[in-house]
Amino acid sequence: MTQQFSQQAQFPAQPHDLPTTSQVGGQPFVHDAVLVLWAPSFVASRPDGDLSAPVDGFYHGDRRFLSSLRITVEGAHLAPTNCVPQSADRVTFDAVLRGMAQQTPDPAVTLLRERTVAPQRFTETLSLTNHGGLHARLTVNVTAESDFAAMDAVKSGSSTPLLEPRGGRNRLTWSARASQMSLTAHTDGASDAGVSVLGTCGTFSFEVSLAPGESWSCVLEGHAESSVPTPFGPAPHPERLWKDIRLESADGDFTRLVGRSEQDLARLLLSDPEAPGDLFAGAGAPWYLTLFGRDSLWTARMLLPLGTELAAGTLRTLARRQGRVSDPDTEEQPGKILHEVRAETQELDDGTRLPAQYYGTIDATPLWICLLHDAWRWGMPSTEVAALLPNLEAALEWMVEYGDPDDDGLLEYIDSTGTGLANQGWKDSGDSVRFRDGSLANPPIALCEVQAYAHEAAVAGAALLDAFDRPGADRYRVWAARLREAFRRSFWVSDEHGRYPAIALDEDRRPVDAVTSNLGHLLGTGLLNPEEEAAVADRLLTPGLADAFGLRTYATSNGGYNPLGYHIGSVWPHDTAIAVQGLARAGFPDHARRLAENLIAAGPAFDSRLPELFAGTARSASARPAPYPASCRPQAWAAASSVALLQALLGLQADVPAGVLAISPAASRLLPLTVSGLRVAGHELAVSVAADGSVRAQTSAPVEVTGGRTD
């Protein structure tokens, strides 16, 4: 993700004052925003339903088509009482009209707002009901504005002028360049809505008369149109790529977390216009609802227990955009997998300039290889795997020839443009790679987890080459062994608690010795020997990293630690889930369980919709984690983390080519647990784990289940 340091400036929310221009002063906070979405469209609003804060609006394809929408009733105060997410694309808001038609202190008139989102449109149904004994006469006003702001302008807090609408019969319309926004009102009565325009504000007015027991409703339909296509379209059908996950667990928080996450993931899916049947997960709303190489790859990898279709679509979408030439401006190189795709170049307020198709990432290429290998093991059809082997060979070649430019056996990066991302691993903020005293490391940077990805990718790529009778496997095994030795020689450091790998090597090949969550990404990749994995596993569970609601990105003992630092003290759910999976793969199920239960405990604080990141506050200091104010929610790999936790806690590993499915559950307070809707090799899989840990599995897949009884 691309963090801007200006995001530390806070906007005061002013829900009762309509803005005349977009607010300025830094990235808006979104922790209290209510988002409903169907990618690439979404609505962000206040908990009362109004669109009135700097980030609020109706968006489609990285552009805001409606920037404010407010409901008022003359002579009455609308007091919000409830906000209920019904699904990822539908939410309801309840309010009472204080003082309207009341005979007693009890509220008499209520307003229900039901909002649904679909690609390029949203619908909002307003329902007024008189529950009292007096007649109610109301004037209802719906006021809206539009600025057609680009997402990077909204994110930076830049000012975008509001536009004057055109009024017509029951309709308001805004136009700018190649874009148009229309808002249409439909009522259940015979009279039309009154339409007025005052400056940049367009208003619908309704005269409503409600006898006791009567109701009135109005439907607002918003529609966004643009002659400039978005880079990626919506999923072409409303059905999920996977079966509904049906989970019953002794921990209701975990059940709700998995259910909400699965709904969000289905609405984050986008399609490749070059092959509309190929779907991938957009990274997250509001800021990153597009293709991000590493985010989409990790999301698909975590969701492999739900089937290989998402992995296949993600792999092919990225393969079509795999680097072909060397282009210093975009950092494209032959065989390289890209970082992100946008509709247009992003000009960020810190001087960063990211081309619309940008390749500045060190880890997406090895992660692409790892996903292809893992999808093959989960049963991706061999014909689909074989079709991607030329891309696999190009990706392997990139690691050897371009990823290691100084031929020291390690992958490293440096921003060659001067205007791109200074850090090009998953912790891509400018202050993320630090020494233990808090000082920043200078590039070129060789990250520890990238060496783990590269080692795993080289070994996995070699296995694929062998399995499909392609040459070159031995070359990559030798290369992986060399990398492994270079890592062992260069990365290990010590402190009073023992040995651990540094987060990185700097320009002088000095170990950057901060204690970080990056360690969790090393486990189960084959980079470490058993003794080294044990040292890393124990380090991950030390209080400085693990006494929060998940794994801190940066230990409390490091200089510069900040529980709200983007990558220097916060908790990222996907980061914790990767560590949980690594611990399970490396043979440390109890360590995995403890981290997983910490993260699951964070779910209720966020209504079971885990954000991109949250504060690394100790569990002993607070009953619930504090939000990171500018965090995406929903966010793809945060949502996918719940499935990754489920897989790790079940000890679920597939090797369809070898005909084996292993299940080895960890003892946990989640037991007993029953889950259905999983898939292996295209066949459904159901697993039940009793309180005593005994396993029962049911599948028709052509695999032998080990660790449990098969029906």
# chains A, B, ... in the order shown; residues from 1 in each chain; ligands from 1
$ closest_atom_pairs --of "range 408-476 of chain A" --to "range 294-298 of chain A" --cutoff "12 Å" --atoms "only C-alpha atoms" --output "CSV"
residue,atom,partner,partner_atom,distance
A:Gln424,CA,A:Arg294,CA,10.6
A:Gly425,CA,A:Arg294,CA,9.0
A:Trp426,CA,A:Arg294,CA,7.6
A:Lys427,CA,A:Arg294,CA,11.3
A:Asp428,CA,A:Arg294,CA,11.6
A:Val450,CA,A:Arg294,CA,11.7
A:Tyr453,CA,A:Arg294,CA,11.5
$ select_by_dssp --residues "range 13-178 of chain A" --states "strand (DSSP E or B)" --output "VMD selection string"
chain A and resid 21 34 to 38 41 to 45 51 57 to 60 63 to 66 68 to 73 77 to 87 90 to 98 109 to 118 121 to 130 136 to 145 150 161 166 to 168 171 to 176
$ select_by_dssp --residues "range 341-388 of chain A" --states "alpha helix (DSSP H)" --output "list in words"
Ala364, Thr365, Pro366, Leu367, Trp368, Ile369, Cys370, Leu371, Leu372, His373, Asp374, Ala375, Trp376, Arg377, Ser382, Thr383, Glu384, Val385, Ala386 and Ala387 of chain A
$ residues_around --residues "Gly49 in chain A" --least-positions-apart "3" --cutoff "9 Å" --atoms "only C-alpha atoms" --output "ChimeraX atom specification"
/A:34,44-46,69-71,80,83,92-94,113,115
$ write_last_selection --atoms "N, CA, C and O atoms" --output "PDB file, in the first residue's frame"
ATOM      1  N   VAL A  34     -19.099   4.298   7.262  1.00  0.00           N
ATOM      2  CA  VAL A  34     -19.846   3.081   6.939  1.00  0.00           C
ATOM      3  C   VAL A  34     -19.737   2.863   5.437  1.00  0.00           C
ATOM      4  O   VAL A  34     -20.168   3.713   4.652  1.00  0.00           O
ATOM      5  N   ALA A  44     -19.476   5.599   0.914  1.00  0.00           N
ATOM      6  CA  ALA A  44     -18.971   5.819   2.269  1.00  0.00           C
ATOM      7  C   ALA A  44     -19.804   6.917   2.904  1.00  0.00           C
ATOM      8  O   ALA A  44     -20.042   7.957   2.289  1.00  0.00           O
ATOM      9  N   SER A  45     -20.249   6.692   4.141  1.00  0.00           N
ATOM     10  CA  SER A  45     -21.121   7.657   4.803  1.00  0.00           C
ATOM     11  C   SER A  45     -20.837   7.695   6.284  1.00  0.00           C
ATOM     12  O   SER A  45     -20.041   6.920   6.821  1.00  0.00           O
ATOM     13  N   ARG A  46     -21.550   8.584   6.976  1.00  0.00           N
ATOM     14  CA  ARG A  46     -21.537   8.630   8.440  1.00  0.00           C
ATOM     15  C   ARG A  46     -22.424   7.500   8.981  1.00  0.00           C
ATOM     16  O   ARG A  46     -23.278   6.967   8.272  1.00  0.00           O
ATOM     17  N   LEU A  69     -24.717  13.975   0.638  1.00  0.00           N
ATOM     18  CA  LEU A  69     -26.139  13.639   0.576  1.00  0.00           C
ATOM     19  C   LEU A  69     -26.669  13.725   1.994  1.00  0.00           C
ATOM     20  O   LEU A  69     -26.219  12.980   2.870  1.00  0.00           O
ATOM     21  N   ARG A  70     -27.613  14.650   2.228  1.00  0.00           N
ATOM     22  CA  ARG A  70     -28.133  14.851   3.580  1.00  0.00           C
ATOM     23  C   ARG A  70     -29.648  14.846   3.575  1.00  0.00           C
ATOM     24  O   ARG A  70     -30.276  15.391   2.673  1.00  0.00           O
ATOM     25  N   ILE A  71     -30.213  14.221   4.594  1.00  0.00           N
ATOM     26  CA  ILE A  71     -31.662  14.198   4.790  1.00  0.00           C
ATOM     27  C   ILE A  71     -31.987  15.088   5.984  1.00  0.00           C
ATOM     28  O   ILE A  71     -31.405  14.925   7.070  1.00  0.00           O
ATOM     29  N   PRO A  80     -30.255   9.712  15.104  1.00  0.00           N
ATOM     30  CA  PRO A  80     -29.942   8.346  14.667  1.00  0.00           C
ATOM     31  C   PRO A  80     -29.978   7.374  15.835  1.00  0.00           C
ATOM     32  O   PRO A  80     -29.521   7.677  16.937  1.00  0.00           O
ATOM     33  N   CYS A  83     -27.532   1.535  13.116  1.00  0.00           N
ATOM     34  CA  CYS A  83     -26.916   1.317  11.808  1.00  0.00           C
ATOM     35  C   CYS A  83     -26.628  -0.176  11.729  1.00  0.00           C
ATOM     36  O   CYS A  83     -25.863  -0.708  12.540  1.00  0.00           O
ATOM     37  N   THR A  92     -28.758  -0.599   6.568  1.00  0.00           N
ATOM     38  CA  THR A  92     -29.929   0.179   6.964  1.00  0.00           C
ATOM     39  C   THR A  92     -29.558   1.115   8.104  1.00  0.00           C
ATOM     40  O   THR A  92     -28.712   0.801   8.943  1.00  0.00           O
ATOM     41  N   PHE A  93     -30.220   2.286   8.106  1.00  0.00           N
ATOM     42  CA  PHE A  93     -30.022   3.297   9.146  1.00  0.00           C
ATOM     43  C   PHE A  93     -31.394   3.656   9.727  1.00  0.00           C
ATOM     44  O   PHE A  93     -32.343   3.904   8.976  1.00  0.00           O
ATOM     45  N   ASP A  94     -31.487   3.681  11.047  1.00  0.00           N
ATOM     46  CA  ASP A  94     -32.731   4.048  11.728  1.00  0.00           C
ATOM     47  C   ASP A  94     -32.558   5.395  12.427  1.00  0.00           C
ATOM     48  O   ASP A  94     -31.485   5.699  12.974  1.00  0.00           O
ATOM     49  N   ARG A 113     -33.671   4.298   6.514  1.00  0.00           N
ATOM     50  CA  ARG A 113     -32.949   4.451   5.249  1.00  0.00           C
ATOM     51  C   ARG A 113     -32.318   3.100   4.907  1.00  0.00           C
ATOM     52  O   ARG A 113     -31.576   2.547   5.714  1.00  0.00           O
ATOM     53  N   ARG A 115     -29.905   1.376   2.089  1.00  0.00           N
ATOM     54  CA  ARG A 115     -28.992   1.699   0.985  1.00  0.00           C
ATOM     55  C   ARG A 115     -28.411   0.421   0.404  1.00  0.00           C
ATOM     56  O   ARG A 115     -27.936  -0.443   1.141  1.00  0.00           O
TER      57      ARG A 115
END
$ atom_distance --atom1 "CA of Ser382 in chain A" --atom2 "CA of Ala312 in chain A"
11.3 Å
$ closest_residue --among "A:Gln635, A:Val341, A:Ala319, A:Leu396" --to "Leu37 in chain A" --atoms "only C-alpha atoms"
A:Gln635
